[in-house]
>>> print(open('target-v9.txt').read())   # compact mmCIF, C-alpha atoms
# COMPACT_ATOMS: atom_id res chain seq x y z
CA MET A 5 -50.33 -38.02 7.98
CA THR A 6 -47.62 -36.14 6.09
CA ARG A 7 -44.18 -37.49 6.02
CA LYS A 8 -41.22 -35.17 6.70
CA VAL A 9 -38.40 -35.50 4.25
CA LEU A 10 -35.09 -35.11 6.02
CA PRO A 11 -32.10 -34.08 3.97
CA THR A 12 -29.41 -36.68 3.58
CA TYR A 13 -25.85 -36.10 4.70
CA ARG A 14 -24.86 -35.89 1.06
CA THR A 15 -27.40 -33.11 0.43
CA LEU A 16 -26.20 -31.21 3.51
CA ALA A 17 -22.56 -31.61 2.48
CA LEU A 18 -23.29 -30.32 -1.05
CA PHE A 19 -25.24 -27.37 0.38
CA ALA A 20 -22.39 -26.54 2.78
CA LEU A 21 -19.83 -26.81 -0.04
CA ALA A 22 -21.90 -24.52 -2.29
CA LEU A 23 -22.27 -22.03 0.56
CA MET A 24 -18.52 -22.05 1.23
CA VAL A 25 -17.70 -21.58 -2.46
CA GLY A 26 -20.14 -18.67 -2.63
CA LEU A 27 -18.68 -17.03 0.46
CA LEU A 28 -15.13 -17.47 -0.77
CA ALA A 29 -16.02 -16.01 -4.16
CA GLN A 30 -17.69 -13.06 -2.47
CA GLY A 31 -14.61 -12.54 -0.29
CA PHE A 32 -12.30 -12.47 -3.29
CA VAL A 33 -14.52 -10.00 -5.11
CA ALA A 34 -15.00 -7.78 -2.06
CA ALA A 35 -11.37 -7.85 -0.91
CA PRO A 36 -9.38 -4.66 -1.50
CA SER A 37 -7.33 -4.96 -4.64
CA ARG A 38 -3.81 -3.75 -5.30
CA ALA A 39 -4.61 -3.51 -8.97
CA ALA A 40 -6.45 -0.65 -10.56
CA SER A 41 -10.04 -1.06 -11.57
CA ALA A 42 -10.97 -0.57 -15.20
CA ASN A 43 -11.86 3.10 -14.69
CA GLN A 44 -8.62 4.08 -12.95
CA ASN A 45 -5.55 5.52 -14.62
CA PRO A 46 -2.68 4.82 -12.22
CA LEU A 47 0.01 7.43 -11.60
CA HIS A 48 3.44 5.78 -11.58
CA ILE A 49 6.55 7.51 -10.27
CA ILE A 50 9.96 6.31 -9.12
CA VAL A 51 11.77 7.52 -6.00
CA HIS A 52 15.56 7.56 -5.65
CA GLU A 53 16.30 7.08 -1.97
CA ILE A 54 19.35 9.29 -1.43
CA ASN A 55 18.44 11.57 1.50
CA ASP A 56 17.42 9.31 4.39
CA THR A 57 18.45 9.64 8.02
CA THR A 58 17.76 7.21 10.86
CA VAL A 59 17.42 8.47 14.42
CA ASP A 60 18.28 5.64 16.83
CA ASN A 61 15.79 5.97 19.70
CA GLY A 62 15.54 3.55 22.61
CA ALA A 63 17.73 0.46 22.51
CA HIS A 64 20.92 0.62 20.44
CA GLY A 65 20.43 -0.57 16.85
CA ASP A 66 17.18 -1.40 15.09
CA SER A 67 14.47 -1.13 17.74
CA PRO A 68 10.86 0.01 18.13
CA GLY A 69 10.63 3.80 18.14
CA ASP A 70 13.52 4.42 15.76
CA LEU A 71 12.72 7.22 13.34
CA SER A 72 13.51 7.38 9.63
CA VAL A 73 13.22 10.83 8.03
CA PHE A 74 13.63 11.41 4.31
CA ALA A 75 13.43 13.87 1.42
CA ASN A 76 14.09 12.31 -1.97
CA PRO A 77 13.77 13.12 -5.69
CA LEU A 78 10.97 11.61 -7.77
CA TYR A 79 11.24 10.55 -11.41
CA ASP A 80 8.74 9.71 -14.15
CA ALA A 81 7.70 6.13 -14.96
CA HIS A 82 10.65 5.82 -17.36
CA ASN A 83 13.06 6.83 -14.57
CA SER A 84 14.52 9.52 -16.83
CA ARG A 85 12.97 12.89 -15.89
CA LEU A 86 12.79 14.57 -12.49
CA VAL A 87 9.11 15.25 -11.71
CA GLY A 88 9.10 16.20 -8.03
CA ARG A 89 10.21 15.30 -4.55
CA GLU A 90 8.94 13.59 -1.43
CA SER A 91 9.31 14.37 2.25
CA GLY A 92 8.25 12.34 5.27
CA SER A 93 8.99 10.08 8.20
CA CYS A 94 8.53 6.51 9.44
CA VAL A 95 8.58 5.08 12.96
CA ARG A 96 9.87 1.53 13.49
CA THR A 97 7.06 -0.56 14.95
CA ILE A 98 8.16 -4.18 14.45
CA VAL A 99 11.90 -4.85 14.22
CA GLY A 100 12.87 -6.47 10.93
CA THR A 101 9.31 -6.31 9.64
CA ALA A 102 7.57 -2.92 9.51
CA PHE A 103 7.50 0.83 9.98
CA GLU A 104 4.43 3.07 10.23
CA CYS A 105 4.87 6.02 7.85
CA ASN A 106 3.45 9.24 6.51
CA TRP A 107 4.79 11.44 3.76
CA THR A 108 3.93 13.87 1.01
CA VAL A 109 4.74 13.64 -2.68
CA PHE A 110 5.30 17.08 -4.25
CA LEU A 111 4.56 17.27 -7.99
CA ASP A 112 4.25 20.28 -10.33
CA ASN A 113 0.43 20.20 -10.28
CA GLY A 114 -0.08 19.46 -6.56
CA GLN A 115 0.72 17.28 -3.61
CA ILE A 116 -0.42 13.81 -2.52
CA SER A 117 -0.18 12.67 1.11
CA VAL A 118 0.02 9.00 2.09
CA GLU A 119 -0.02 7.09 5.36
CA GLY A 120 0.42 3.46 6.31
CA PRO A 121 2.86 0.59 6.73
CA TYR A 122 6.23 0.16 5.07
CA TYR A 123 7.24 -3.50 5.08
CA ASP A 124 10.92 -4.42 5.08
CA HIS A 125 10.60 -7.43 2.79
CA ALA A 126 7.30 -7.06 0.94
CA ASP A 127 5.29 -4.61 -1.11
CA SER A 128 3.36 -2.06 0.93
CA LEU A 129 -0.09 -0.64 0.35
CA LEU A 130 -0.62 2.81 1.86
CA ALA A 131 -3.72 4.98 2.08
CA VAL A 132 -3.88 8.19 0.07
CA ILE A 133 -5.24 10.58 2.69
CA GLY A 134 -5.53 13.77 0.65
CA GLY A 135 -3.82 16.26 -1.56
CA THR A 136 -3.65 19.76 -2.99
CA GLY A 137 -3.96 21.35 -6.43
CA ALA A 138 -4.89 18.75 -9.06
CA TYR A 139 -5.05 16.21 -6.22
CA SER A 140 -7.22 18.28 -3.85
CA HIS A 141 -9.87 15.54 -3.72
CA ALA A 142 -7.41 12.64 -3.83
CA ARG A 143 -8.36 9.42 -2.10
CA GLY A 144 -7.29 5.90 -2.87
CA GLN A 145 -4.15 3.89 -2.33
CA MET A 146 -0.49 3.79 -3.22
CA LEU A 147 1.40 0.59 -3.93
CA LEU A 148 5.08 0.78 -2.95
CA HIS A 149 7.42 -1.75 -4.58
CA ALA A 150 11.21 -2.02 -4.18
CA ARG A 151 12.91 -1.89 -7.58
CA ASN A 152 16.18 -3.37 -6.29
CA LEU A 153 17.52 -5.35 -3.34
CA ALA A 154 19.67 -2.44 -2.19
CA GLY A 155 16.51 -0.46 -1.46
CA THR A 156 17.67 2.63 -3.31
CA GLU A 157 14.80 2.90 -5.81
CA TYR A 158 11.08 2.31 -5.33
CA ASP A 159 8.02 2.30 -7.58
CA TYR A 160 5.10 4.32 -6.29
CA THR A 161 1.88 3.50 -8.12
CA PHE A 162 -1.10 5.64 -7.10
CA TYR A 163 -4.63 4.38 -7.66
CA LEU A 164 -6.73 7.46 -7.08
CA ASP A 165 -10.53 7.47 -6.77
>>> encode(input="target-v9.txt", output="structure tokens")
Amino acid sequence: MTRKVLPTYRTLALFALALMVGLLAQGFVAAPSRAASANQNPLHIIVHEINDTTVDNGAHGDSPGDLSVFANPLYDAHNSRLVGRESGSCVRTIVGTAFECNWTVFLDNGQISVEGPYYDHADSLLAVIGGTGAYSHARGQMLLHARNLAGTEYDYTFYLD
């Protein structure tokens, strides 16, 4: 007669812990990253928010459905030389929290179009959905970061595939 060896609770607990650690590690590796991978050369530009208009739709004041339209100048990473412009719109989806946006960045060598959320109080990660010229095959993501509390300058960092 053969004897079955049953695992002890300690063995099961160690196995479960190892499995959880492995799954967590896999999740961190597989999660989308805001940072560029080693083979990417990010494109960094700075927007000066000076031409924005809000259309108050629905309830008076900040409310779902409000529209923000904009066309602003873009500067190089040193914030010293004009390199292009942007044009787009955002619809308020969650009051005090988020808009859903799409816009185009116009540069000398082509255009890049982005789409996604703009968060009121946090960095935003938008999808690069296409482009023209030098960016005709552009895909990837754009990290948007507020440079100041007044919300008048933003960093756009493009991580293109």
>>> residues_around(input="target-v9.txt", residues="Asn83 (chain A)", least_positions_apart="5", cutoff="10 Å", atoms="all atoms listed in the file", output="PyMOL selection string")
chain A and resi 49-52+78+157+159
>>> residues_around(input="target-v9.txt", residues="Tyr122 (chain A)", least_positions_apart="4", cutoff="6 Å", atoms="only C-alpha atoms", output="PDB file with C-alpha atoms, in the coordinates of the input")
ATOM      1  CA  ALA A 102       7.570  -2.920   9.510  1.00  0.00           C
ATOM      2  CA  PHE A 103       7.500   0.830   9.980  1.00  0.00           C
ATOM      3  CA  SER A 128       3.360  -2.060   0.930  1.00  0.00           C
TER       4      SER A 128
END
>>> residues_around(input="target-v9.txt", residues="Glu53 (chain A)", least_positions_apart="6", cutoff="10 Å", atoms="only C-alpha atoms", output="number ranges by chain")
A: 74-78, 90, 155-158
>>> write_last_selection(input="target-v9.txt", atoms="C-alpha atoms", output="short mmCIF file (atom, residue, chain, number, x, y, z; two decimals), keeping the file's coordinate frame")
data_model
loop_
_atom_site.label_atom_id
_atom_site.label_comp_id
_atom_site.auth_asym_id
_atom_site.auth_seq_id
_atom_site.Cartn_x
_atom_site.Cartn_y
_atom_site.Cartn_z
CA PHE A 74 13.63 11.41 4.31
CA ALA A 75 13.43 13.87 1.42
CA ASN A 76 14.09 12.31 -1.97
CA PRO A 77 13.77 13.12 -5.69
CA LEU A 78 10.97 11.61 -7.77
CA GLU A 90 8.94 13.59 -1.43
CA GLY A 155 16.51 -0.46 -1.46
CA THR A 156 17.67 2.63 -3.31
CA GLU A 157 14.80 2.90 -5.81
CA TYR A 158 11.08 2.31 -5.33
#
>>> residues_near_point(input="target-v9.txt", point="(-3.5, 12.6, 5.5)", cutoff="6 Å", atoms="all atoms listed in the file", output="PDB file with C-alpha atoms, keeping the file's coordinate frame")
ATOM      1  CA  SER A 117      -0.180  12.670   1.110  1.00  0.00           C
ATOM      2  CA  ILE A 133      -5.240  10.580   2.690  1.00  0.00           C
ATOM      3  CA  GLY A 134      -5.530  13.770   0.650  1.00  0.00           C
TER       4      GLY A 134
END
>>> atom_distance(input="target-v9.txt", atom1="CA of Val95 (chain A)", atom2="CA of Ser72 (chain A)")
6.4 Å
>>> residues_around(input="target-v9.txt", residues="region 58-60 of chain A", least_positions_apart="4", cutoff="9 Å", atoms="all atoms listed in the file", output="list in words")
His64, Gly65, Asp66, Ser67, Gly69, Asp70, Leu71, Ser72, Val73 and Phe74 of chain A
>>> atom_distance(input="target-v9.txt", atom1="CA of Ile54 (chain A)", atom2="CA of Val99 (chain A)")
22.4 Å
>>> atom_distance(input="target-v9.txt", atom1="CA of Ser91 (chain A)", atom2="CA of Asn152 (chain A)")
20.9 Å
>>> closest_residue(input="target-v9.txt", among="A:His125, A:Arg96, A:His48, A:Arg151", to="Tyr163 (chain A)", atoms="all atoms listed in the file")
A:His48
>>> residues_around(input="target-v9.txt", residues="Val87 (chain A)", least_positions_apart="5", cutoff="7 Å", atoms="all atoms listed in the file", output="short mmCIF file (atom, residue, chain, number, x, y, z; two decimals) with C-alpha atoms, keeping the file's coordinate frame")
data_model
loop_
_atom_site.label_atom_id
_atom_site.label_comp_id
_atom_site.auth_asym_id
_atom_site.auth_seq_id
_atom_site.Cartn_x
_atom_site.Cartn_y
_atom_site.Cartn_z
CA LEU A 78 10.97 11.61 -7.77
CA TYR A 79 11.24 10.55 -11.41
CA ASP A 80 8.74 9.71 -14.15
CA LEU A 111 4.56 17.27 -7.99
#
>>> closest_residue(input="target-v9.txt", among="A:Asn113, A:Gln145, A:Thr57, A:Thr136", to="Asp165 (chain A)", atoms="only C-alpha atoms")
A:Gln145
>>> axis_aligned_box(input="target-v9.txt", around="region 141-155 of chain A", padding_each_side="6 Å", output="AutoDock Vina command-line options")
--center_x 4.9 --center_y 5.1 --center_z -4.5 --size_x 41.5 --size_y 32.9 --size_z 18.1
>>> closest_residue(input="target-v9.txt", among="A:Asn55, A:Leu86, A:Val109, A:Gly114", to="Met146 (chain A)", atoms="only C-alpha atoms")
A:Val109
>>> closest_residue(input="target-v9.txt", among="A:Asn45, A:Gln115, A:Thr108, A:Asn61", to="Gly92 (chain A)", atoms="only C-alpha atoms")
A:Thr108
>>> decode(input="target-v9.txt", residues="region 43-82 of chain A", atoms="N, CA and C atoms", output="short mmCIF file (atom, residue, chain, number, x, y, z; two decimals), in the first residue's frame")
data_model
loop_
_atom_site.label_atom_id
_atom_site.label_comp_id
_atom_site.auth_asym_id
_atom_site.auth_seq_id
_atom_site.Cartn_x
_atom_site.Cartn_y
_atom_site.Cartn_z
N ASN A 43 14.57 51.90 -25.88
CA ASN A 43 14.74 52.19 -27.29
C ASN A 43 13.91 53.39 -27.74
N GLN A 44 13.29 54.10 -26.84
CA GLN A 44 12.50 55.26 -27.23
C GLN A 44 13.25 56.54 -26.94
N ASN A 45 13.06 57.52 -27.83
CA ASN A 45 13.62 58.84 -27.65
C ASN A 45 12.43 59.79 -27.51
N PRO A 46 12.06 60.16 -26.28
CA PRO A 46 10.85 60.96 -26.11
C PRO A 46 10.97 62.34 -26.74
N LEU A 47 9.84 62.82 -27.22
CA LEU A 47 9.72 64.18 -27.76
C LEU A 47 9.07 65.01 -26.68
N HIS A 48 9.76 66.05 -26.23
CA HIS A 48 9.26 66.89 -25.14
C HIS A 48 9.01 68.30 -25.65
N ILE A 49 7.78 68.78 -25.48
CA ILE A 49 7.43 70.14 -25.83
C ILE A 49 6.63 70.75 -24.68
N ILE A 50 6.54 72.08 -24.69
CA ILE A 50 5.84 72.80 -23.64
C ILE A 50 4.76 73.67 -24.27
N VAL A 51 3.55 73.58 -23.73
CA VAL A 51 2.44 74.38 -24.23
C VAL A 51 2.19 75.55 -23.28
N HIS A 52 1.93 76.71 -23.86
CA HIS A 52 1.53 77.90 -23.11
C HIS A 52 0.04 78.07 -23.34
N GLU A 53 -0.73 77.83 -22.31
CA GLU A 53 -2.19 77.88 -22.43
C GLU A 53 -2.66 79.33 -22.37
N ILE A 54 -2.87 79.92 -23.55
CA ILE A 54 -3.28 81.33 -23.60
C ILE A 54 -4.57 81.55 -24.41
N ASN A 55 -4.96 80.57 -25.19
CA ASN A 55 -6.15 80.71 -26.04
C ASN A 55 -7.14 79.59 -25.77
N ASP A 56 -7.76 79.63 -24.59
CA ASP A 56 -8.75 78.62 -24.21
C ASP A 56 -10.10 79.29 -23.99
N THR A 57 -11.15 78.62 -24.42
CA THR A 57 -12.51 79.12 -24.21
C THR A 57 -13.35 77.98 -23.66
N THR A 58 -14.18 78.29 -22.66
CA THR A 58 -15.09 77.29 -22.11
C THR A 58 -16.51 77.64 -22.53
N VAL A 59 -17.21 76.66 -23.06
CA VAL A 59 -18.62 76.80 -23.43
C VAL A 59 -19.42 76.10 -22.33
N ASP A 60 -20.23 76.89 -21.60
CA ASP A 60 -20.99 76.37 -20.46
C ASP A 60 -22.29 75.74 -20.97
N ASN A 61 -22.28 74.43 -21.11
CA ASN A 61 -23.47 73.69 -21.55
C ASN A 61 -24.18 73.11 -20.34
N GLY A 62 -25.47 72.89 -20.43
CA GLY A 62 -26.20 72.26 -19.33
C GLY A 62 -26.33 73.18 -18.15
N ALA A 63 -26.15 72.63 -16.95
CA ALA A 63 -26.28 73.40 -15.71
C ALA A 63 -25.24 74.52 -15.67
N HIS A 64 -25.61 75.62 -15.00
CA HIS A 64 -24.71 76.77 -14.88
C HIS A 64 -23.46 76.38 -14.10
N GLY A 65 -22.31 76.83 -14.56
CA GLY A 65 -21.04 76.51 -13.90
C GLY A 65 -20.47 75.20 -14.40
N ASP A 66 -19.45 74.71 -13.72
CA ASP A 66 -18.77 73.47 -14.10
C ASP A 66 -19.75 72.30 -14.01
N SER A 67 -20.06 71.71 -15.17
CA SER A 67 -21.01 70.60 -15.19
C SER A 67 -20.69 69.67 -16.36
N PRO A 68 -21.14 68.41 -16.29
CA PRO A 68 -20.91 67.48 -17.40
C PRO A 68 -21.45 68.06 -18.70
N GLY A 69 -20.67 67.91 -19.76
CA GLY A 69 -21.07 68.42 -21.07
C GLY A 69 -20.45 69.75 -21.42
N ASP A 70 -19.86 70.44 -20.45
CA ASP A 70 -19.17 71.70 -20.77
C ASP A 70 -18.05 71.40 -21.75
N LEU A 71 -17.78 72.35 -22.61
CA LEU A 71 -16.79 72.17 -23.67
C LEU A 71 -15.66 73.17 -23.50
N SER A 72 -14.43 72.69 -23.59
CA SER A 72 -13.25 73.54 -23.58
C SER A 72 -12.60 73.42 -24.96
N VAL A 73 -12.45 74.55 -25.64
CA VAL A 73 -11.79 74.57 -26.95
C VAL A 73 -10.53 75.41 -26.82
N PHE A 74 -9.49 75.02 -27.55
CA PHE A 74 -8.21 75.71 -27.38
C PHE A 74 -7.35 75.66 -28.63
N ALA A 75 -6.46 76.63 -28.74
CA ALA A 75 -5.44 76.72 -29.78
C ALA A 75 -4.29 77.49 -29.16
N ASN A 76 -3.20 76.80 -28.86
CA ASN A 76 -2.12 77.39 -28.09
C ASN A 76 -0.75 77.19 -28.74
N PRO A 77 0.20 78.07 -28.43
CA PRO A 77 1.57 77.91 -28.95
C PRO A 77 2.33 76.83 -28.21
N LEU A 78 3.26 76.20 -28.92
CA LEU A 78 4.11 75.15 -28.37
C LEU A 78 5.57 75.58 -28.43
N TYR A 79 6.31 75.27 -27.38
CA TYR A 79 7.72 75.65 -27.28
C TYR A 79 8.59 74.42 -27.11
N ASP A 80 9.89 74.58 -27.39
CA ASP A 80 10.83 73.47 -27.25
C ASP A 80 10.99 73.09 -25.78
N ALA A 81 11.77 72.05 -25.52
CA ALA A 81 11.95 71.53 -24.16
C ALA A 81 12.61 72.54 -23.22
N HIS A 82 13.28 73.55 -23.77
CA HIS A 82 13.91 74.59 -22.95
C HIS A 82 12.96 75.77 -22.72
#
